[in-house]
Amino acid sequence: MATTTVAKKVKFIITRQDQPESASYTEEFELDYRPGMNVISALMEIQRNPVTNSGQGTTPVCWESNCLEEVCGACSMVINGKPRQACAALIDKLEQPIRVEPMKTFPVVRDLVIDRSRMFNALKRVKAWIPIDGTYDLGPGPRMPEKKRQWAYELSKCMTCGVCLEACPNVNEKTDFIGPAAISQVRLFNAHPTGEMNSEERLDALMEDGGIEGCGNSQNCVRSCPKGIPLTTSIAEMNKQTTKHMFKRWLGV
Amino acid sequence: MKGFYSRKLHSLLGVIPLGFFILEHMITNFAAVEGGPQGFKDAVAFLNSLPLVLILEIFGIWLPLLYHAVYGLYIAFQAKPNNGRFRNERNLRYLLQRITGVLVLIFVVWHIYETRVQVALGHITHEQLGSVMHDIVTQPVYFTFYLIGVLSASFHFTNGLWSFLVSWGVTVGPRAQRVSSNICMGLFVIISIMFVWSLIVFRNVEFQASGEAMIQILRTVIG
């Protein structure tokens with residue numbers, strides 16, 4: 001009763017790069033289809049058996065991933081032309097051959113591994129935290145209205161994955177634009193009743209070179225954010241706050 | 001000057017005074033549609049009767065235009081368009097804003113040379129501008145060039161008005177940006193129609209200059 005069925009195959013074209021400075025090249029891989037597989041599980045399969053389409057042995061493809069449930073932001077890569085999280089990229093929903101590339105807006109470390117340091121530096125630049133450390137107990141802070149908490153929670157979902165920077169035509173080697181993620185974080189921390197006490201420091205940071213003025217309103221960020229964060233609303237709100245801050249500084253109030 | 005302020009100034013100058021100037025220019029041109037050659041002459045005469053007209057031109061048009069153009073080129077060439085990967089309307093408008101900006105700059109330089117510069121050099125008078133325009137737009141190549149020029153200018157202004165509202169924090173939420181987008185694109189259609197209509201009217205025979213002298217003048221203008 002043995003029925004022979006042709007095993008369904010999944011084809012990948014992966015952009016590879018051995019060194020940060022070396023040239024990139026593509027390699028093709030063909031894997032057996034398994035139900036429910038995603039790009040990460042396919043990469044794991046290649047890691048176990050690093051053989052290309054033509055039967056040639058190769059080095060395993062390098063990538064980064066952690067949580068595998070789209071909350072950590074580590075596995076961002078360009079899949080079929082769109083920057084996204086590889087762990088949430090289900091093979092069943094992708095057109096084949098599946099093209100996987102690193103997000104080249106960032107420095108490529110190796111293969112699909114990129115260096116997102118600029119995003120973490122951006123968070124430091126805009127002081128995306130609430131300074132409450134001290135030598136004595138400061139007591140409870142002011143309460144946050146529930147209505148505000150609800151939209152602020154959406155902003156707090158940002159995982160610094162870098163997809164919005166990859167999608168932005170103004171984040172490139174010709175500019176020093178900080179990118180949408182950090183601007184949205186300023187909105188988050190300026191909305192917090194305790195964080196608000198340091199709001200001007202964050203606004204000043206956004207008004208430095210490479211700050212909020214780099215936005216060109218292409219609005220790709222909000223359409224590509226894997227967490228559905230209203231990034232363009234955040235940018236416009238920060239435009240409003242920085243504009244107000246500018247006039248207040250001029251008028252000395 | 002820090003990038004924040006120079007970009008804000010660029011955005012502001014695009015609307016005030018340059019946006020106002022485009023609207024004013026549109027209304028003056030439209031006088032040709034409504035009042036024929038005499039109507040257009042009267043509209044031009046009215047503008048030139050404004051007090052301190054040279055000062056108005058320098059501070060209301062030339063200097064803002066120069067700044068907006070130079071800084072605009074800087075912005076345009078900083079862009080790395082990705083419209084192949086992200087095919088959405090706002091991203092297309094981002095690209096068009098930069099392309100039309102460059103087109104408008106080329107068009108405006110050429111147009112100022114043909115009209116304002118020739119008046120300044122004494123080759124033509126304000127009264128003759130209607131017939132100068134007639135001789136330009138009756139040539140199909142220049143008519144096409146002017147058509148592209150005015151459509152680019154209309155788009156660049158109206159789309160720029162939309163992004164001005166975002167950049168200054170007037171329209172914040174998606175709904176506000178959608179409504180202002182509809183209004184601005186409606187404005188684009190109206191402004192385009194009025195500019196193109198007056199271009200077509202300039203082709204009428206009634207705008208033709210009489211006498212050999214005019215032809216001589218135009219030779220020096222068009223070259």
# chains A, B, ... in the order shown; residues from 1 in each chain; ligands from 1

$ interface_residues --of "chain B" --to "chain A" --cutoff "6 Å" --atoms "only C-alpha atoms" --output "PyMOL selection string"
chain B and resi 3-4+78-81+90-91+94+166-169+172-173

$ write_last_selection --atoms "C-alpha atoms" --output "short mmCIF file (atom, residue, chain, number, x, y, z; two decimals), in the first residue's frame"
data_model
loop_
_atom_site.label_atom_id
_atom_site.label_comp_id
_atom_site.auth_asym_id
_atom_site.auth_seq_id
_atom_site.Cartn_x
_atom_site.Cartn_y
_atom_site.Cartn_z
CA GLY B 3 19.30 71.09 10.52
CA PHE B 4 16.07 71.38 12.48
CA GLN B 78 19.65 62.78 0.21
CA ALA B 79 16.72 60.53 -0.60
CA LYS B 80 17.12 56.88 -1.48
CA PRO B 81 13.72 56.06 -2.98
CA ARG B 90 2.36 58.30 0.29
CA ASN B 91 5.69 56.79 -0.75
CA TYR B 94 7.41 61.31 -1.44
CA VAL B 166 2.45 67.28 9.19
CA SER B 167 5.90 68.83 9.77
CA TRP B 168 4.51 71.65 11.86
CA GLY B 169 2.36 69.29 13.89
CA VAL B 172 -1.28 64.58 13.75
CA GLY B 173 -3.59 61.56 13.55
#

$ select_by_dssp --residues "region 8-201 of chain A" --states "alpha helix (DSSP H)" --output "ChimeraX atom specification"
/A:39-48,117-125,146-155,163-167,180-191,199-201

$ write_last_selection --atoms "C-alpha atoms" --output "compact mmCIF listing (two decimals), in the first residue's frame"
# COMPACT_ATOMS: atom_id res chain seq x y z
CA VAL A 39 11.93 31.11 7.66
CA ILE A 40 13.74 30.47 10.97
CA SER A 41 12.96 26.74 10.99
CA ALA A 42 14.16 26.61 7.38
CA LEU A 43 17.41 28.33 8.36
CA MET A 44 17.79 25.77 11.19
CA GLU A 45 17.34 23.01 8.61
CA ILE A 46 20.09 24.55 6.47
CA GLN A 47 22.30 24.82 9.55
CA ARG A 48 21.91 21.08 10.17
CA SER A 117 23.90 49.47 17.44
CA ARG A 118 22.76 52.75 15.85
CA MET A 119 19.24 52.12 17.16
CA PHE A 120 20.40 51.62 20.73
CA ASN A 121 22.66 54.66 20.46
CA ALA A 122 19.62 56.61 19.23
CA LEU A 123 17.67 55.58 22.34
CA LYS A 124 20.54 56.84 24.49
CA ARG A 125 20.68 60.08 22.50
CA GLU A 146 -6.19 54.83 31.84
CA LYS A 147 -7.07 56.31 28.46
CA LYS A 148 -3.52 57.50 27.95
CA ARG A 149 -2.07 54.25 29.21
CA GLN A 150 -3.92 52.39 26.50
CA TRP A 151 -2.27 54.21 23.59
CA ALA A 152 1.06 54.53 25.37
CA TYR A 153 1.09 50.75 25.76
CA GLU A 154 0.96 50.41 21.99
CA LEU A 155 4.12 52.55 21.68
CA VAL A 163 12.25 47.29 10.18
CA CYS A 164 11.04 50.91 10.13
CA LEU A 165 14.59 52.17 9.46
CA GLU A 166 15.01 49.67 6.63
CA ALA A 167 11.69 50.80 5.12
CA PRO A 180 11.11 56.53 13.28
CA ALA A 181 11.62 54.15 16.26
CA ALA A 182 13.48 56.54 18.56
CA ILE A 183 11.11 59.43 17.73
CA SER A 184 8.16 57.28 18.79
CA GLN A 185 9.97 56.40 22.03
CA VAL A 186 10.30 60.10 22.86
CA ARG A 187 6.54 60.34 22.53
CA LEU A 188 6.14 57.37 24.85
CA PHE A 189 8.41 58.71 27.59
CA ASN A 190 7.12 62.28 27.25
CA ALA A 191 3.59 60.95 27.73
CA SER A 199 10.42 66.07 28.35
CA GLU A 200 12.46 69.10 27.28
CA GLU A 201 15.73 67.17 27.33

$ residues_around --residues "region 104-107 of chain B" --least-positions-apart "6" --cutoff "12 Å" --atoms "only C-alpha atoms" --output "PyMOL selection string"
chain B and resi 22+65-73+96-98+113-114+142-157

$ atom_distance --atom1 "CA of Gly101 (chain B)" --atom2 "CA of Phe77 (chain B)"
11.1 Å

$ closest_residue --among "A:Phe247, A:Asn53, A:Asp111, A:Cys87" --to "Cys72 (chain A)" --atoms "only C-alpha atoms"
A:Cys87

$ atom_distance --atom1 "CA of Ser49 (chain B)" --atom2 "CA of Ile61 (chain B)"
16.7 Å

$ select_by_dssp --residues "region 97-225 of chain A" --states "strand (DSSP E)" --output "list in words"
Ile98, Arg99, Val100, Glu101, Val108, Val109, Arg110, Val113 and Ile114 of chain A

$ decode --residues "region 73-100 of chain A" --atoms "N, CA and C atoms" --output "PDB file, in the first residue's frame"
ATOM      1  N   GLY A  73      12.677  41.242  18.348  1.00  0.00           N
ATOM      2  CA  GLY A  73      13.218  42.126  17.320  1.00  0.00           C
ATOM      3  C   GLY A  73      14.547  41.697  16.738  1.00  0.00           C
ATOM      4  N   ALA A  74      15.036  40.508  17.102  1.00  0.00           N
ATOM      5  CA  ALA A  74      16.382  40.107  16.668  1.00  0.00           C
ATOM      6  C   ALA A  74      16.427  39.559  15.248  1.00  0.00           C
ATOM      7  N   CYS A  75      15.366  38.914  14.789  1.00  0.00           N
ATOM      8  CA  CYS A  75      15.462  38.180  13.521  1.00  0.00           C
ATOM      9  C   CYS A  75      14.968  38.982  12.316  1.00  0.00           C
ATOM     10  N   SER A  76      15.098  40.328  12.374  1.00  0.00           N
ATOM     11  CA  SER A  76      14.677  41.149  11.230  1.00  0.00           C
ATOM     12  C   SER A  76      15.535  40.834  10.013  1.00  0.00           C
ATOM     13  N   MET A  77      14.884  40.594   8.902  1.00  0.00           N
ATOM     14  CA  MET A  77      15.605  40.449   7.630  1.00  0.00           C
ATOM     15  C   MET A  77      14.661  40.775   6.489  1.00  0.00           C
ATOM     16  N   VAL A  78      15.226  40.921   5.296  1.00  0.00           N
ATOM     17  CA  VAL A  78      14.392  41.261   4.140  1.00  0.00           C
ATOM     18  C   VAL A  78      13.973  39.968   3.459  1.00  0.00           C
ATOM     19  N   ILE A  79      12.671  39.690   3.522  1.00  0.00           N
ATOM     20  CA  ILE A  79      12.138  38.448   2.962  1.00  0.00           C
ATOM     21  C   ILE A  79      11.218  38.798   1.792  1.00  0.00           C
ATOM     22  N   ASN A  80      11.564  38.303   0.626  1.00  0.00           N
ATOM     23  CA  ASN A  80      10.845  38.657  -0.609  1.00  0.00           C
ATOM     24  C   ASN A  80      10.663  40.171  -0.749  1.00  0.00           C
ATOM     25  N   GLY A  81      11.731  40.896  -0.467  1.00  0.00           N
ATOM     26  CA  GLY A  81      11.734  42.348  -0.677  1.00  0.00           C
ATOM     27  C   GLY A  81      11.217  43.172   0.481  1.00  0.00           C
ATOM     28  N   LYS A  82      10.564  42.534   1.453  1.00  0.00           N
ATOM     29  CA  LYS A  82       9.995  43.297   2.571  1.00  0.00           C
ATOM     30  C   LYS A  82      10.763  43.024   3.868  1.00  0.00           C
ATOM     31  N   PRO A  83      11.167  44.072   4.583  1.00  0.00           N
ATOM     32  CA  PRO A  83      11.798  43.842   5.880  1.00  0.00           C
ATOM     33  C   PRO A  83      10.744  43.363   6.881  1.00  0.00           C
ATOM     34  N   ARG A  84      11.056  42.306   7.633  1.00  0.00           N
ATOM     35  CA  ARG A  84      10.098  41.748   8.586  1.00  0.00           C
ATOM     36  C   ARG A  84      10.801  40.786   9.522  1.00  0.00           C
ATOM     37  N   GLN A  85      10.027  40.223  10.457  1.00  0.00           N
ATOM     38  CA  GLN A  85      10.596  39.246  11.384  1.00  0.00           C
ATOM     39  C   GLN A  85      10.554  37.870  10.726  1.00  0.00           C
ATOM     40  N   ALA A  86      11.694  37.200  10.703  1.00  0.00           N
ATOM     41  CA  ALA A  86      11.766  35.889  10.052  1.00  0.00           C
ATOM     42  C   ALA A  86      10.935  34.843  10.789  1.00  0.00           C
ATOM     43  N   CYS A  87      10.819  34.989  12.127  1.00  0.00           N
ATOM     44  CA  CYS A  87      10.089  33.981  12.902  1.00  0.00           C
ATOM     45  C   CYS A  87       8.597  33.998  12.601  1.00  0.00           C
ATOM     46  N   ALA A  88       8.106  35.158  12.135  1.00  0.00           N
ATOM     47  CA  ALA A  88       6.675  35.272  11.843  1.00  0.00           C
ATOM     48  C   ALA A  88       6.405  35.122  10.349  1.00  0.00           C
ATOM     49  N   ALA A  89       7.457  34.814   9.567  1.00  0.00           N
ATOM     50  CA  ALA A  89       7.296  34.668   8.125  1.00  0.00           C
ATOM     51  C   ALA A  89       7.012  33.203   7.798  1.00  0.00           C
ATOM     52  N   LEU A  90       5.727  32.857   7.690  1.00  0.00           N
ATOM     53  CA  LEU A  90       5.335  31.478   7.439  1.00  0.00           C
ATOM     54  C   LEU A  90       5.534  31.143   5.957  1.00  0.00           C
ATOM     55  N   ILE A  91       6.138  29.970   5.717  1.00  0.00           N
ATOM     56  CA  ILE A  91       6.449  29.540   4.346  1.00  0.00           C
ATOM     57  C   ILE A  91       5.174  29.448   3.505  1.00  0.00           C
ATOM     58  N   ASP A  92       4.084  28.983   4.141  1.00  0.00           N
ATOM     59  CA  ASP A  92       2.814  28.827   3.411  1.00  0.00           C
ATOM     60  C   ASP A  92       2.317  30.126   2.815  1.00  0.00           C
ATOM     61  N   LYS A  93       2.718  31.246   3.434  1.00  0.00           N
ATOM     62  CA  LYS A  93       2.206  32.536   2.968  1.00  0.00           C
ATOM     63  C   LYS A  93       3.211  33.278   2.100  1.00  0.00           C
ATOM     64  N   LEU A  94       4.319  32.625   1.728  1.00  0.00           N
ATOM     65  CA  LEU A  94       5.351  33.297   0.937  1.00  0.00           C
ATOM     66  C   LEU A  94       5.398  32.737  -0.480  1.00  0.00           C
ATOM     67  N   GLU A  95       5.678  33.641  -1.400  1.00  0.00           N
ATOM     68  CA  GLU A  95       5.825  33.239  -2.790  1.00  0.00           C
ATOM     69  C   GLU A  95       7.216  32.624  -2.977  1.00  0.00           C
ATOM     70  N   GLN A  96       7.292  31.577  -3.797  1.00  0.00           N
ATOM     71  CA  GLN A  96       8.593  30.933  -3.994  1.00  0.00           C
ATOM     72  C   GLN A  96       9.190  31.279  -5.343  1.00  0.00           C
ATOM     73  N   PRO A  97      10.517  31.275  -5.498  1.00  0.00           N
ATOM     74  CA  PRO A  97      11.521  31.033  -4.469  1.00  0.00           C
ATOM     75  C   PRO A  97      11.550  32.166  -3.439  1.00  0.00           C
ATOM     76  N   ILE A  98      11.842  31.807  -2.206  1.00  0.00           N
ATOM     77  CA  ILE A  98      11.855  32.796  -1.131  1.00  0.00           C
ATOM     78  C   ILE A  98      13.236  33.448  -1.084  1.00  0.00           C
ATOM     79  N   ARG A  99      13.253  34.752  -1.293  1.00  0.00           N
ATOM     80  CA  ARG A  99      14.528  35.492  -1.273  1.00  0.00           C
ATOM     81  C   ARG A  99      14.747  36.072   0.115  1.00  0.00           C
ATOM     82  N   VAL A 100      15.855  35.719   0.711  1.00  0.00           N
ATOM     83  CA  VAL A 100      16.169  36.207   2.055  1.00  0.00           C
ATOM     84  C   VAL A 100      17.461  37.028   1.996  1.00  0.00           C
TER      85      VAL A 100
END
